[in-house]
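Presented below is the structure to which this report refers.
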Amino acid sequence: MLIADPLFYAVAVPAVLLTGISKGGFGGVLGGVGVPLMALAISPVQAAAILLPVLCLMDLVGLGAYFGKWDMPTLRIMLPGALLGIVAGFLTFGMLGEDVIRILIGSIAVAFTVNNVLGLAAHQRQAGPSLAKGTFWSAVSGLTSFLAHAGGPPAMVYLLPQRMDKVRYVATISVFFAAVNAVKLVPYAWLGQLSLDNLGTSFVLAPLVPLGVKLGIWLQGRINLVWFYRISQACLLVTGLQLVWQGGAHYL
């Protein structure tokens with residue numbers, strides 16, 4: 001049966017819109033907010049399953065705006081590493097309890113916010129492509145993406161120091177996660193996560209996809225990014241802390 005809880009849709013609608021905005025023009029800044037928000041109302045495992053088809057649809061909509069503008073040498077390094085991370089996530093699926101996953105997702109959200117506030121990645125020296133670093137961070141990205149669609153922070157740690165121009169950066173990270181999400185469909189289906197109930201809920205949320213992506217493309221050149229990032233990061237921080245508290249309360 002479809003999820004009927006109003007609380008779920010109260011968090012799922014902004015989660016999908018914010019993720020779409022990120023896909024449309026903000027290069028992964030808000031890409032990890034979807035599962036943490038939805039996990040406030042449902043299991044984080046189910047939240048990830050519902051969100052995956054929505055993400056794949058977003059990828060199709062978003063890629064059209066940046067077609068051919070990505071950095072292929074960077075993708076050749078990152079995609080094999082991401083595949084390793086996805087395989088690791090598949091092999092370890094079910095070994096972690098839901099409370100542990102909540103703590104993990106919340107910690108990723110908090111760490112990502114702190115990293116952005118302190119500007120650790122942005123203030124690194126400009127760096128070129130690196131096979132070792134690219135493979136490592138892409139593998140971490142593939143793993144966290146498999147668990148909670150939260151692969152943005154590790155990927156950004158590798159990409160930001162390269163100082164790509166904005167369009168090339170957004171296009172590259174968009175193609176990267178389009179490929180990652182497409183590959184994840186296979187193990188998700190194998191593990192039974194793409195049930196008719198979850199797919200039905202994904203279908204209900206699907207109309208928000210073009211709205212969120214196009215809003216991201218529109219906002220990219222019009223909004224004061226400083227305040228947009230500040231508000232978004234504050235929301236992500238609060239959500240992350242709430243998830244850590246929810247997961248940790250079981251052990252207190």
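Chain identifiers are assigned as A, B, and so on, following the order in which chains appear in the structure tokens; residues are numbered from 1 within each chain, and ligands are numbered from 1 in order of appearance.
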**Report entry** Residues near Phe8 in chain A, cut-off 9 Å, only C-alpha atoms, skip fewer than 3 positions along chain, as a PyMOL selection string
**Finding:** chain A and resi 3-5+11-13+38-42
Query raised in the report: Skipping near chain neighbours, those fewer than 4 positions away, what residues fall within 10 Å of range 203-206 of chain A using only C-alpha atoms, listed as number ranges by chain?
Result: A: 2-3, 9, 12-13, 16-17, 50-51, 53-55, 57-58, 197-199, 210-211
Report task. Find the residues around range 32-37 of chain A up to 7 Å (only C-alpha atoms counted), leave out those fewer than 6 positions away in its own chain, and share them as a PyMOL selection string. Result -> chain A and resi 11-12+15-16+19+44+47-48+105-106+148-150+152+236+239-240
Query raised in the report: What is the CA of Leu96 in chain A-CA of Gly81 in chain A distance in Å, reported with one decimal?
Result: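 So the two atoms, CA of Leu96 in chain A and CA of Gly81 in chain A, lie 22.6 Å apart.
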Requested in this report: Considering only C-alpha atoms, return as a list of chain:residue names whatever protein or nucleic-acid residues lie within 12 Å of Thr74 in chain A, sequence-local ones (same chain, fewer than 4 positions apart) excluded.
Outcome: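 Near Thr74 in chain A, the qualifying residues are A:Trp70, A:Met78, A:Leu79, A:Pro80, A:Gly81, A:Gly128, A:Pro129, A:Ser130, A:Leu131, A:Lys133, A:Gly134, A:Thr135, A:Ser138, A:Ala155, A:Tyr158, A:Leu159, A:Gln162, A:Met164, A:Arg168, A:Tyr169, A:Ala171, A:Thr172, A:Ile173, A:Val175, A:Phe176.
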Requested in this report: Apply DSSP to the backbone of this structure and, from range 128-239 of chain A, keep only the residues in helix (DSSP H, G or I); write these as a count of residues only.
Outcome: 92
Each residue of range 26-87 of chain A lying at most 9 Å from range 186-189 of chain A should get a row with its shortest atom-to-atom pair and the distance in Å to one decimal, counting only C-alpha atoms; could you produce that, ordered by chain and increasing number, as a Markdown table?
```
| residue | atom | partner | partner_atom | distance |
| --- | --- | --- | --- | --- |
| A:Ala49 | CA | A:Tyr188 | CA | 7.3 |
| A:Leu52 | CA | A:Tyr188 | CA | 8.8 |
| A:Ile86 | CA | A:Pro187 | CA | 8.7 |
| A:Val87 | CA | A:Pro187 | CA | 8.6 |
```
Query raised in the report: Between A:Val170, A:Met72, A:Leu91, A:Val244, which is the closest to Ser22 in chain A once you count only C-alpha atoms?
Result: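 With only C-alpha atoms as the atom set, the closest residue is A:Val170.
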Report task. Select, from A:Leu185, A:Ala111, A:Leu215, A:Ala179, the residue with the minimum atom-to-atom distance to Leu63 in chain A, counting only C-alpha atoms. Result ->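 With only C-alpha atoms as the atom set, the closest residue is A:Ala179.
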Query raised in the report: Looking at only C-alpha atoms, which of A:Phe90, A:Phe177, A:Trp190, A:Tyr251 is the one that sits closest to Leu143 in chain A?
Result: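 Smallest separation from Leu143 in chain A among the options: A:Phe90.
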